$ cat protein-v7.txt   # compact mmCIF, C-alpha atoms and all ligand atoms
# COMPACT_ATOMS: atom_id res chain seq x y z
CA MET A 1 0.00 0.00 0.00
CA LEU A 2 1.22 3.50 -0.81
CA GLU A 3 1.65 5.67 2.27
CA LYS A 4 1.69 9.46 2.48
CA MET A 5 5.28 10.69 2.58
CA ASN A 6 5.18 12.26 6.06
CA GLU A 7 3.28 9.32 7.57
CA PHE A 8 5.75 6.85 6.03
CA PHE A 9 8.74 8.53 7.70
CA ASN A 10 6.97 9.35 10.98
CA LYS A 11 6.08 5.65 11.36
CA ARG A 12 9.63 4.48 10.73
CA ILE A 13 11.38 6.74 13.23
CA GLY A 14 12.44 3.74 15.36
CA GLY A 15 15.58 2.38 13.71
CA TYR A 16 15.55 5.01 10.96
CA GLU A 17 19.16 6.16 11.39
CA GLU A 18 20.49 2.59 11.73
CA HIS A 19 18.67 1.65 8.53
CA GLN A 20 20.09 4.60 6.62
CA LEU A 21 23.63 4.11 7.86
CA TYR A 22 23.94 0.32 7.81
CA VAL A 23 21.56 -0.93 5.10
CA ILE A 24 22.13 1.54 2.24
CA GLU A 25 25.25 0.72 0.23
CA GLY A 26 27.95 3.33 0.70
CA ALA A 27 26.14 5.28 3.45
CA GLN A 28 29.06 5.05 5.89
CA GLU A 29 31.05 6.95 3.29
CA PHE A 30 28.55 9.21 1.55
CA TYR A 31 27.24 10.93 4.69
CA PRO A 32 30.70 12.13 5.80
CA TYR A 33 31.66 12.80 2.19
CA THR A 34 28.59 15.04 1.65
CA ALA A 35 29.40 16.94 4.83
CA SER A 36 33.01 17.37 3.67
CA CYS A 37 31.78 19.14 0.52
CA LEU A 38 30.03 21.90 2.49
CA PRO A 39 31.75 25.20 3.37
CA ILE A 40 33.70 25.38 6.62
CA TRP A 41 33.96 29.08 7.29
CA ASP A 42 32.27 30.57 10.38
CA SER A 43 28.50 31.06 10.33
CA THR A 44 28.05 29.57 6.87
CA GLU A 45 24.37 29.56 5.92
CA VAL A 46 23.19 26.19 4.64
CA LEU A 47 19.72 24.97 3.64
CA ASP A 48 19.03 21.22 3.95
CA LEU A 49 16.17 19.92 1.76
CA GLY A 50 14.55 16.86 3.35
CA CYS A 51 16.88 16.99 6.37
CA GLY A 52 15.02 14.25 8.31
CA THR A 53 16.84 13.58 11.59
CA GLY A 54 19.95 15.28 10.20
CA LEU A 55 22.38 12.42 9.52
CA GLU A 56 24.38 14.58 7.12
CA LEU A 57 24.31 17.36 9.72
CA ASP A 58 25.86 15.08 12.37
CA PHE A 59 28.98 15.02 10.23
CA TYR A 60 28.72 18.63 9.11
CA PHE A 61 28.41 20.15 12.59
CA LYS A 62 31.55 18.23 13.61
CA ARG A 63 33.46 20.04 10.85
CA ASN A 64 31.70 23.37 11.21
CA PRO A 65 30.05 23.84 14.64
CA THR A 66 29.13 27.47 13.86
CA ALA A 67 27.16 26.71 10.67
CA LYS A 68 23.67 28.20 10.51
CA ILE A 69 21.31 25.56 9.20
CA THR A 70 17.76 25.75 7.92
CA GLY A 71 16.24 22.29 7.53
CA ILE A 72 12.97 21.61 5.73
CA ASP A 73 11.10 18.33 6.10
CA LEU A 74 7.55 17.05 5.79
CA ALA A 75 7.80 14.61 8.69
CA GLU A 76 7.29 16.29 12.06
CA ASP A 77 8.62 13.32 14.07
CA MET A 78 11.90 13.34 12.14
CA LEU A 79 12.22 17.05 12.94
CA LYS A 80 11.61 16.43 16.67
CA ILE A 81 14.69 14.18 16.75
CA LEU A 82 16.66 16.71 14.71
CA LYS A 83 15.84 19.54 17.12
CA ASN A 84 16.72 17.43 20.19
CA LYS A 85 20.02 16.36 18.68
CA PHE A 86 21.11 19.88 17.81
CA SER A 87 19.52 21.98 20.56
CA ASP A 88 22.86 23.79 21.08
CA LYS A 89 23.27 24.67 17.39
CA GLU A 90 22.03 27.45 15.10
CA LEU A 91 19.24 25.42 13.54
CA THR A 92 15.87 26.44 12.12
CA ALA A 93 13.63 23.46 11.44
CA ILE A 94 10.65 24.02 9.14
CA CYS A 95 7.92 21.43 8.82
CA GLY A 96 6.52 21.52 5.29
CA SER A 97 7.27 20.74 1.69
CA TYR A 98 10.31 22.23 0.01
CA PHE A 99 8.10 22.76 -3.03
CA ASP A 100 5.90 25.17 -1.03
CA ILE A 101 8.17 26.82 1.57
CA PRO A 102 9.76 30.02 0.16
CA PHE A 103 13.58 29.84 0.29
CA GLY A 104 14.26 33.55 -0.28
CA LYS A 105 16.74 35.05 -2.74
CA GLU A 106 20.56 34.84 -2.54
CA CYS A 107 20.62 33.88 1.12
CA TYR A 108 22.49 30.55 1.32
CA ASP A 109 26.17 29.70 0.82
CA ALA A 110 25.23 26.11 0.09
CA ILE A 111 22.15 23.93 -0.21
CA VAL A 112 22.32 20.20 0.51
CA SER A 113 19.93 17.33 0.02
CA VAL A 114 20.56 13.68 0.89
CA GLU A 115 18.33 10.75 -0.09
CA SER A 116 15.18 12.85 -0.42
CA LEU A 117 14.71 13.98 -4.02
CA HIS A 118 14.41 10.55 -5.65
CA HIS A 119 10.64 10.72 -5.19
CA PHE A 120 10.00 13.42 -7.76
CA THR A 121 9.61 13.92 -11.51
CA LYS A 122 11.79 15.94 -13.86
CA GLU A 123 9.11 18.64 -13.95
CA GLN A 124 8.91 18.89 -10.15
CA LYS A 125 12.70 19.00 -9.92
CA SER A 126 12.91 21.65 -12.61
CA PHE A 127 10.74 23.92 -10.44
CA LEU A 128 12.71 23.06 -7.29
CA TYR A 129 16.15 23.54 -8.84
CA LYS A 130 15.21 26.97 -10.22
CA LYS A 131 14.09 27.93 -6.72
CA THR A 132 17.32 26.47 -5.30
CA TYR A 133 19.41 28.44 -7.81
CA GLN A 134 17.71 31.70 -6.82
CA ALA A 135 18.21 31.01 -3.11
CA LEU A 136 21.99 30.59 -3.47
CA LYS A 137 24.41 33.46 -3.03
CA HIS A 138 26.81 34.31 -5.85
CA ASN A 139 29.10 31.26 -6.32
CA GLY A 140 26.97 29.27 -3.90
CA TYR A 141 26.37 25.62 -4.68
CA LEU A 142 24.08 22.63 -4.28
CA ILE A 143 25.36 19.26 -3.06
CA LEU A 144 22.89 16.55 -3.98
CA THR A 145 23.57 13.05 -2.67
CA ASP A 146 20.90 10.66 -3.81
CA TYR A 147 20.37 7.43 -5.64
CA PHE A 148 19.69 7.14 -9.33
CA ALA A 149 18.06 4.77 -11.81
CA GLU A 150 20.55 2.70 -13.78
CA THR A 151 18.73 2.97 -17.12
CA ASP A 152 16.04 5.02 -18.90
CA GLU A 153 13.86 1.90 -18.88
CA LEU A 154 14.08 1.60 -15.09
CA GLU A 155 13.33 5.31 -14.65
CA CYS A 156 10.16 4.85 -16.78
CA PHE A 157 9.24 1.64 -15.01
CA TYR A 158 9.32 3.22 -11.51
CA ARG A 159 7.20 6.16 -12.66
CA GLN A 160 4.64 3.90 -14.36
CA GLU A 161 4.48 1.64 -11.31
CA LEU A 162 3.71 4.64 -9.10
CA MET A 163 0.94 5.76 -11.46
CA ARG A 164 -0.45 2.22 -11.59
CA LEU A 165 -0.45 1.91 -7.77
CA LYS A 166 -2.11 5.32 -7.36
CA LEU A 167 -4.84 4.37 -9.80
CA GLU A 168 -5.32 0.95 -8.20
CA GLN A 169 -5.54 2.45 -4.70
CA GLY A 170 -7.57 5.48 -5.79
CA VAL A 171 -5.16 7.90 -4.12
CA CYS A 172 -5.32 11.63 -4.72
CA ASP A 173 -2.77 12.78 -7.28
CA ASP A 174 -1.71 16.05 -5.71
CA GLU A 175 -0.36 14.59 -2.47
CA PHE A 176 3.11 13.15 -1.92
CA TYR A 177 3.25 9.39 -1.48
CA HIS A 178 6.33 7.41 -0.58
CA TYR A 179 7.47 5.53 -3.64
CA ASP A 180 10.97 5.75 -5.08
CA THR A 181 11.06 7.09 -8.64
CA PRO A 182 14.73 8.01 -9.22
CA LEU A 183 15.85 9.68 -12.44
CA THR A 184 18.96 8.53 -14.25
CA LYS A 185 22.09 10.58 -13.50
CA THR A 186 21.98 11.91 -17.08
CA HIS A 187 18.46 13.25 -16.59
CA GLU A 188 19.31 14.68 -13.17
CA LEU A 189 22.29 16.57 -14.61
CA GLU A 190 20.11 17.86 -17.47
CA VAL A 191 17.50 19.29 -15.10
CA LEU A 192 20.21 21.01 -13.04
CA GLU A 193 21.81 22.53 -16.13
CA GLU A 194 18.43 23.70 -17.42
CA ALA A 195 17.80 25.40 -14.06
CA GLY A 196 20.77 27.67 -14.78
CA PHE A 197 23.69 26.17 -12.82
CA SER A 198 26.99 27.08 -14.47
CA SER A 199 28.86 23.91 -13.55
CA VAL A 200 27.24 20.55 -12.80
CA LYS A 201 29.47 17.57 -11.95
CA ILE A 202 29.29 14.13 -10.40
CA LEU A 203 31.81 14.19 -7.54
CA ALA A 204 31.69 10.60 -6.28
CA GLU A 205 29.63 7.40 -6.56
CA TRP A 206 28.81 4.48 -4.26
CA GLY A 207 26.71 1.82 -6.02
CA ALA A 208 23.46 3.50 -7.11
CA THR A 209 24.16 6.62 -5.03
CA ALA A 210 26.10 9.62 -6.29
CA SER A 211 27.03 13.07 -5.04
CA ILE A 212 26.49 15.88 -7.53
CA LYS A 213 27.78 19.43 -7.18
CA ALA A 214 25.96 22.21 -9.04
CA ILE A 215 27.54 25.66 -8.80
CA LYS A 216 25.55 28.87 -9.34
C1 LIG B 1 15.23 9.07 3.41
S1 LIG B 1 14.89 10.53 4.30
C2 LIG B 1 16.45 11.40 4.26
C3 LIG B 1 16.64 12.28 5.46
C4 LIG B 1 18.07 12.79 5.65
N1 LIG B 1 18.43 13.70 4.60
C5 LIG B 1 19.00 11.61 5.69
O1 LIG B 1 19.68 11.33 4.68
O2 LIG B 1 18.99 10.89 6.71
C6 LIG B 1 13.92 11.50 3.17
C7 LIG B 1 13.32 12.72 3.86
O3 LIG B 1 12.79 13.59 2.86
C8 LIG B 1 11.59 14.14 3.38
N2 LIG B 1 10.79 14.64 2.25
C9 LIG B 1 10.28 13.95 1.22
N3 LIG B 1 9.59 14.76 0.39
C10 LIG B 1 9.66 16.00 0.93
C11 LIG B 1 9.14 17.28 0.56
N4 LIG B 1 8.41 17.44 -0.54
N5 LIG B 1 9.43 18.34 1.34
C12 LIG B 1 10.16 18.19 2.48
N6 LIG B 1 10.67 16.99 2.90
C13 LIG B 1 10.43 15.92 2.13
C14 LIG B 1 10.96 12.99 4.14
O4 LIG B 1 9.99 13.43 5.07
C15 LIG B 1 12.18 12.35 4.80
O5 LIG B 1 12.42 12.85 6.08
$ encode --input "protein-v7.txt" --output "structure tokens"
Amino acid sequence: MLEKMNEFFNKRIGGYEEHQLYVIEGAQEFYPYTASCLPIWDSTEVLDLGCGTGLELDFYFKRNPTAKITGIDLAEDMLKILKNKFSDKELTAICGSYFDIPFGKECYDAIVSVESLHHFTKEQKSFLYKKTYQALKHNGYLILTDYFAETDELECFYRQELMRLKLEQGVCDDEFYHYDTPLTKTHELEVLEEAGFSSVKILAEWGATASIKAIK
């Protein structure tokens, strides 16, 4: 059964971090790696899209304890853990969808997203990446660590399966449901370039997961 995105993650809070860190191939490396790509100067302003309980922030705050983080997530229970973990840090946690919450213009040094954006279509990402681009300061950048479909056929298959399941279960089309529909890396890079980023590069890969850097 498809579950609404926030309900899916709220229900799986118990054991969530262990699952992410020990079940996903490469996670022991890609969380610290993602954090190592973020700026380390004092009071850096970073926006985290789909921050969850902040696994990437565990590593980032160790490198840059003065960073000012804004984290957006749909799942309120994930954010409760995040806020408890980092009560002594400069952290603003916003419960809502990163498609709806305004990011502002030219206010972040970097934007990061880990294992959150593989639920959305090219069209949705096009909108989000344009918004991301506008929210970055001059020379700011996005670090996207996520997993990708291996082939065009698989990308199509996941999308069609989601549509089939929605139809079968009569679920409303304009809500977010948890079902993984990753793009291929080629399509992801295309959407980022179309959003205006001047340099878009794959930095590292671990199985199906890759880190991409897109510079404004
Ligand atoms: C697999 S978790 C990743 C969390 C964290 N970045 C990490 O790697 O541990 C995906 C997160 O994305 C959030 N998410 C999914 N769609 C979202 C949306 N449209 N707006 C905000 N958060 C969203 C989910 O609620 C969930 O907490």
$ closest_residue --input "protein-v7.txt" --among "A:Leu167, A:Tyr147, A:Leu128, A:Ile202" --to "Ala27 of chain A" --atoms "all atoms listed in the file"
A:Tyr147
$ residues_near_ligand --input "protein-v7.txt" --ligand "ligand LIG 1 (chain B)" --cutoff "8 Å" --atoms "all atoms listed in the file" --output "mmCIF file with C-alpha atoms, keeping the file's coordinate frame"
data_model
loop_
_atom_site.group_PDB
_atom_site.id
_atom_site.type_symbol
_atom_site.label_atom_id
_atom_site.label_comp_id
_atom_site.auth_asym_id
_atom_site.auth_seq_id
_atom_site.Cartn_x
_atom_site.Cartn_y
_atom_site.Cartn_z
ATOM 1 C CA MET A 5 5.280 10.690 2.580
ATOM 2 C CA ASN A 6 5.180 12.260 6.060
ATOM 3 C CA PHE A 8 5.750 6.850 6.030
ATOM 4 C CA PHE A 9 8.740 8.530 7.700
ATOM 5 C CA ASN A 10 6.970 9.350 10.980
ATOM 6 C CA GLU A 17 19.160 6.160 11.390
ATOM 7 C CA GLN A 20 20.090 4.600 6.620
ATOM 8 C CA TYR A 31 27.240 10.930 4.690
ATOM 9 C CA ASP A 48 19.030 21.220 3.950
ATOM 10 C CA LEU A 49 16.170 19.920 1.760
ATOM 11 C CA GLY A 50 14.550 16.860 3.350
ATOM 12 C CA CYS A 51 16.880 16.990 6.370
ATOM 13 C CA GLY A 52 15.020 14.250 8.310
ATOM 14 C CA THR A 53 16.840 13.580 11.590
ATOM 15 C CA GLY A 54 19.950 15.280 10.200
ATOM 16 C CA LEU A 55 22.380 12.420 9.520
ATOM 17 C CA GLU A 56 24.380 14.580 7.120
ATOM 18 C CA ILE A 72 12.970 21.610 5.730
ATOM 19 C CA ASP A 73 11.100 18.330 6.100
ATOM 20 C CA LEU A 74 7.550 17.050 5.790
ATOM 21 C CA ALA A 75 7.800 14.610 8.690
ATOM 22 C CA MET A 78 11.900 13.340 12.140
ATOM 23 C CA CYS A 95 7.920 21.430 8.820
ATOM 24 C CA GLY A 96 6.520 21.520 5.290
ATOM 25 C CA SER A 97 7.270 20.740 1.690
ATOM 26 C CA TYR A 98 10.310 22.230 0.010
ATOM 27 C CA PHE A 99 8.100 22.760 -3.030
ATOM 28 C CA SER A 113 19.930 17.330 0.020
ATOM 29 C CA VAL A 114 20.560 13.680 0.890
ATOM 30 C CA GLU A 115 18.330 10.750 -0.090
ATOM 31 C CA SER A 116 15.180 12.850 -0.420
ATOM 32 C CA LEU A 117 14.710 13.980 -4.020
ATOM 33 C CA HIS A 119 10.640 10.720 -5.190
ATOM 34 C CA PHE A 176 3.110 13.150 -1.920
ATOM 35 C CA HIS A 178 6.330 7.410 -0.580
#
$ closest_residue --input "protein-v7.txt" --among "A:Leu183, A:Tyr60, A:Ala67, A:Thr92" --to "Leu79 of chain A" --atoms "only C-alpha atoms"
A:Thr92
$ residues_around --input "protein-v7.txt" --residues "Ser36 of chain A" --least-positions-apart "6" --cutoff "12 Å" --atoms "all atoms listed in the file" --output "PyMOL selection string"
chain A and resi 29-30+56-64+112+143+203+211
$ write_last_selection --input "protein-v7.txt" --atoms "C-alpha atoms" --output "PDB file, in the frame of the given file"
ATOM      1  CA  GLU A  29      31.050   6.950   3.290  1.00  0.00           C
ATOM      2  CA  PHE A  30      28.550   9.210   1.550  1.00  0.00           C
ATOM      3  CA  GLU A  56      24.380  14.580   7.120  1.00  0.00           C
ATOM      4  CA  LEU A  57      24.310  17.360   9.720  1.00  0.00           C
ATOM      5  CA  ASP A  58      25.860  15.080  12.370  1.00  0.00           C
ATOM      6  CA  PHE A  59      28.980  15.020  10.230  1.00  0.00           C
ATOM      7  CA  TYR A  60      28.720  18.630   9.110  1.00  0.00           C
ATOM      8  CA  PHE A  61      28.410  20.150  12.590  1.00  0.00           C
ATOM      9  CA  LYS A  62      31.550  18.230  13.610  1.00  0.00           C
ATOM     10  CA  ARG A  63      33.460  20.040  10.850  1.00  0.00           C
ATOM     11  CA  ASN A  64      31.700  23.370  11.210  1.00  0.00           C
ATOM     12  CA  VAL A 112      22.320  20.200   0.510  1.00  0.00           C
ATOM     13  CA  ILE A 143      25.360  19.260  -3.060  1.00  0.00           C
ATOM     14  CA  LEU A 203      31.810  14.190  -7.540  1.00  0.00           C
ATOM     15  CA  SER A 211      27.030  13.070  -5.040  1.00  0.00           C
TER      16      SER A 211
END
$ closest_residue --input "protein-v7.txt" --among "A:Glu168, A:Asp174, A:Glu106, A:Asp100" --to "Lys137 of chain A" --atoms "all atoms listed in the file"
A:Glu106
$ closest_residue --input "protein-v7.txt" --among "A:Leu144, A:Leu165, A:Thr121, A:Gly196" --to "Tyr33 of chain A" --atoms "all atoms listed in the file"
A:Leu144
$ closest_residue --input "protein-v7.txt" --among "A:Lys122, A:Lys131, A:Asn84, A:Leu136" --to "Pro102 of chain A" --atoms "only C-alpha atoms"
A:Lys131
$ axis_aligned_box --input "protein-v7.txt" --around "segment 40-58 of chain A" --padding-each-side "3 Å" --output "AutoDock Vina command-line options"
--center_x 24.3 --center_y 21.7 --center_z 7.1 --size_x 25.4 --size_y 24.6 --size_z 16.6
$ residues_around --input "protein-v7.txt" --residues "Phe197 of chain A" --least-positions-apart "3" --cutoff "12 Å" --atoms "all atoms listed in the file" --output "PDB file with C-alpha atoms, keeping the file's coordinate frame"
ATOM      1  CA  SER A 126      12.910  21.650 -12.610  1.00  0.00           C
ATOM      2  CA  TYR A 129      16.150  23.540  -8.840  1.00  0.00           C
ATOM      3  CA  LYS A 130      15.210  26.970 -10.220  1.00  0.00           C
ATOM      4  CA  LYS A 131      14.090  27.930  -6.720  1.00  0.00           C
ATOM      5  CA  THR A 132      17.320  26.470  -5.300  1.00  0.00           C
ATOM      6  CA  TYR A 133      19.410  28.440  -7.810  1.00  0.00           C
ATOM      7  CA  GLN A 134      17.710  31.700  -6.820  1.00  0.00           C
ATOM      8  CA  LEU A 136      21.990  30.590  -3.470  1.00  0.00           C
ATOM      9  CA  HIS A 138      26.810  34.310  -5.850  1.00  0.00           C
ATOM     10  CA  ASN A 139      29.100  31.260  -6.320  1.00  0.00           C
ATOM     11  CA  GLY A 140      26.970  29.270  -3.900  1.00  0.00           C
ATOM     12  CA  TYR A 141      26.370  25.620  -4.680  1.00  0.00           C
ATOM     13  CA  LEU A 142      24.080  22.630  -4.280  1.00  0.00           C
ATOM     14  CA  LEU A 189      22.290  16.570 -14.610  1.00  0.00           C
ATOM     15  CA  GLU A 190      20.110  17.860 -17.470  1.00  0.00           C
ATOM     16  CA  VAL A 191      17.500  19.290 -15.100  1.00  0.00           C
ATOM     17  CA  LEU A 192      20.210  21.010 -13.040  1.00  0.00           C
ATOM     18  CA  GLU A 193      21.810  22.530 -16.130  1.00  0.00           C
ATOM     19  CA  GLU A 194      18.430  23.700 -17.420  1.00  0.00           C
ATOM     20  CA  VAL A 200      27.240  20.550 -12.800  1.00  0.00           C
ATOM     21  CA  LYS A 201      29.470  17.570 -11.950  1.00  0.00           C
ATOM     22  CA  ILE A 212      26.490  15.880  -7.530  1.00  0.00           C
ATOM     23  CA  LYS A 213      27.780  19.430  -7.180  1.00  0.00           C
ATOM     24  CA  ALA A 214      25.960  22.210  -9.040  1.00  0.00           C
ATOM     25  CA  ILE A 215      27.540  25.660  -8.800  1.00  0.00           C
ATOM     26  CA  LYS A 216      25.550  28.870  -9.340  1.00  0.00           C
TER      27      LYS A 216
END
$ atom_distance --input "protein-v7.txt" --atom1 "atom CA of Leu38 of chain A" --atom2 "atom CA of Lys68 of chain A"
12.0 Å
$ closest_residue --input "protein-v7.txt" --among "A:Ala35, A:Ser87, A:Ala208, A:Glu188" --to "Glu123 of chain A" --atoms "all atoms listed in the file"
A:Glu188
$ decode --input "protein-v7.txt" --residues "segment 124-211 of chain A" --atoms "C-alpha atoms" --output "compact mmCIF listing (two decimals), in the first residue's frame"
# COMPACT_ATOMS: atom_id res chain seq x y z
CA GLN A 124 8.91 18.89 -10.15
CA LYS A 125 12.70 19.00 -9.92
CA SER A 126 12.91 21.65 -12.61
CA PHE A 127 10.74 23.92 -10.44
CA LEU A 128 12.71 23.06 -7.29
CA TYR A 129 16.15 23.54 -8.84
CA LYS A 130 15.21 26.97 -10.22
CA LYS A 131 14.09 27.93 -6.72
CA THR A 132 17.32 26.47 -5.30
CA TYR A 133 19.41 28.44 -7.81
CA GLN A 134 17.71 31.70 -6.82
CA ALA A 135 18.21 31.01 -3.11
CA LEU A 136 21.99 30.59 -3.47
CA LYS A 137 24.41 33.46 -3.03
CA HIS A 138 26.81 34.31 -5.85
CA ASN A 139 29.10 31.26 -6.32
CA GLY A 140 26.97 29.27 -3.90
CA TYR A 141 26.37 25.62 -4.68
CA LEU A 142 24.08 22.63 -4.28
CA ILE A 143 25.36 19.26 -3.06
CA LEU A 144 22.89 16.55 -3.98
CA THR A 145 23.57 13.05 -2.67
CA ASP A 146 20.90 10.66 -3.81
CA TYR A 147 20.37 7.43 -5.64
CA PHE A 148 19.69 7.14 -9.33
CA ALA A 149 18.06 4.77 -11.81
CA GLU A 150 20.55 2.70 -13.78
CA THR A 151 18.73 2.97 -17.12
CA ASP A 152 16.04 5.02 -18.90
CA GLU A 153 13.86 1.90 -18.88
CA LEU A 154 14.08 1.60 -15.09
CA GLU A 155 13.33 5.31 -14.65
CA CYS A 156 10.16 4.85 -16.78
CA PHE A 157 9.24 1.64 -15.01
CA TYR A 158 9.32 3.22 -11.51
CA ARG A 159 7.20 6.16 -12.66
CA GLN A 160 4.64 3.90 -14.36
CA GLU A 161 4.48 1.64 -11.31
CA LEU A 162 3.71 4.64 -9.10
CA MET A 163 0.94 5.76 -11.46
CA ARG A 164 -0.45 2.22 -11.59
CA LEU A 165 -0.45 1.91 -7.77
CA LYS A 166 -2.11 5.32 -7.36
CA LEU A 167 -4.84 4.37 -9.80
CA GLU A 168 -5.32 0.95 -8.20
CA GLN A 169 -5.54 2.45 -4.70
CA GLY A 170 -7.57 5.48 -5.79
CA VAL A 171 -5.16 7.90 -4.12
CA CYS A 172 -5.32 11.63 -4.72
CA ASP A 173 -2.77 12.78 -7.28
CA ASP A 174 -1.71 16.05 -5.71
CA GLU A 175 -0.36 14.59 -2.47
CA PHE A 176 3.11 13.15 -1.92
CA TYR A 177 3.25 9.39 -1.48
CA HIS A 178 6.33 7.41 -0.58
CA TYR A 179 7.47 5.53 -3.64
CA ASP A 180 10.97 5.75 -5.08
CA THR A 181 11.06 7.09 -8.64
CA PRO A 182 14.73 8.01 -9.22
CA LEU A 183 15.85 9.68 -12.44
CA THR A 184 18.96 8.53 -14.25
CA LYS A 185 22.09 10.58 -13.50
CA THR A 186 21.98 11.91 -17.08
CA HIS A 187 18.46 13.25 -16.59
CA GLU A 188 19.31 14.68 -13.17
CA LEU A 189 22.29 16.57 -14.61
CA GLU A 190 20.11 17.86 -17.47
CA VAL A 191 17.50 19.29 -15.10
CA LEU A 192 20.21 21.01 -13.04
CA GLU A 193 21.81 22.53 -16.13
CA GLU A 194 18.43 23.70 -17.42
CA ALA A 195 17.80 25.40 -14.06
CA GLY A 196 20.77 27.67 -14.78
CA PHE A 197 23.69 26.17 -12.82
CA SER A 198 26.99 27.08 -14.47
CA SER A 199 28.86 23.91 -13.55
CA VAL A 200 27.24 20.55 -12.80
CA LYS A 201 29.47 17.57 -11.95
CA ILE A 202 29.29 14.13 -10.40
CA LEU A 203 31.81 14.19 -7.54
CA ALA A 204 31.69 10.60 -6.28
CA GLU A 205 29.63 7.40 -6.56
CA TRP A 206 28.81 4.48 -4.26
CA GLY A 207 26.71 1.82 -6.02
CA ALA A 208 23.46 3.50 -7.11
CA THR A 209 24.16 6.62 -5.03
CA ALA A 210 26.10 9.62 -6.29
CA SER A 211 27.03 13.07 -5.04
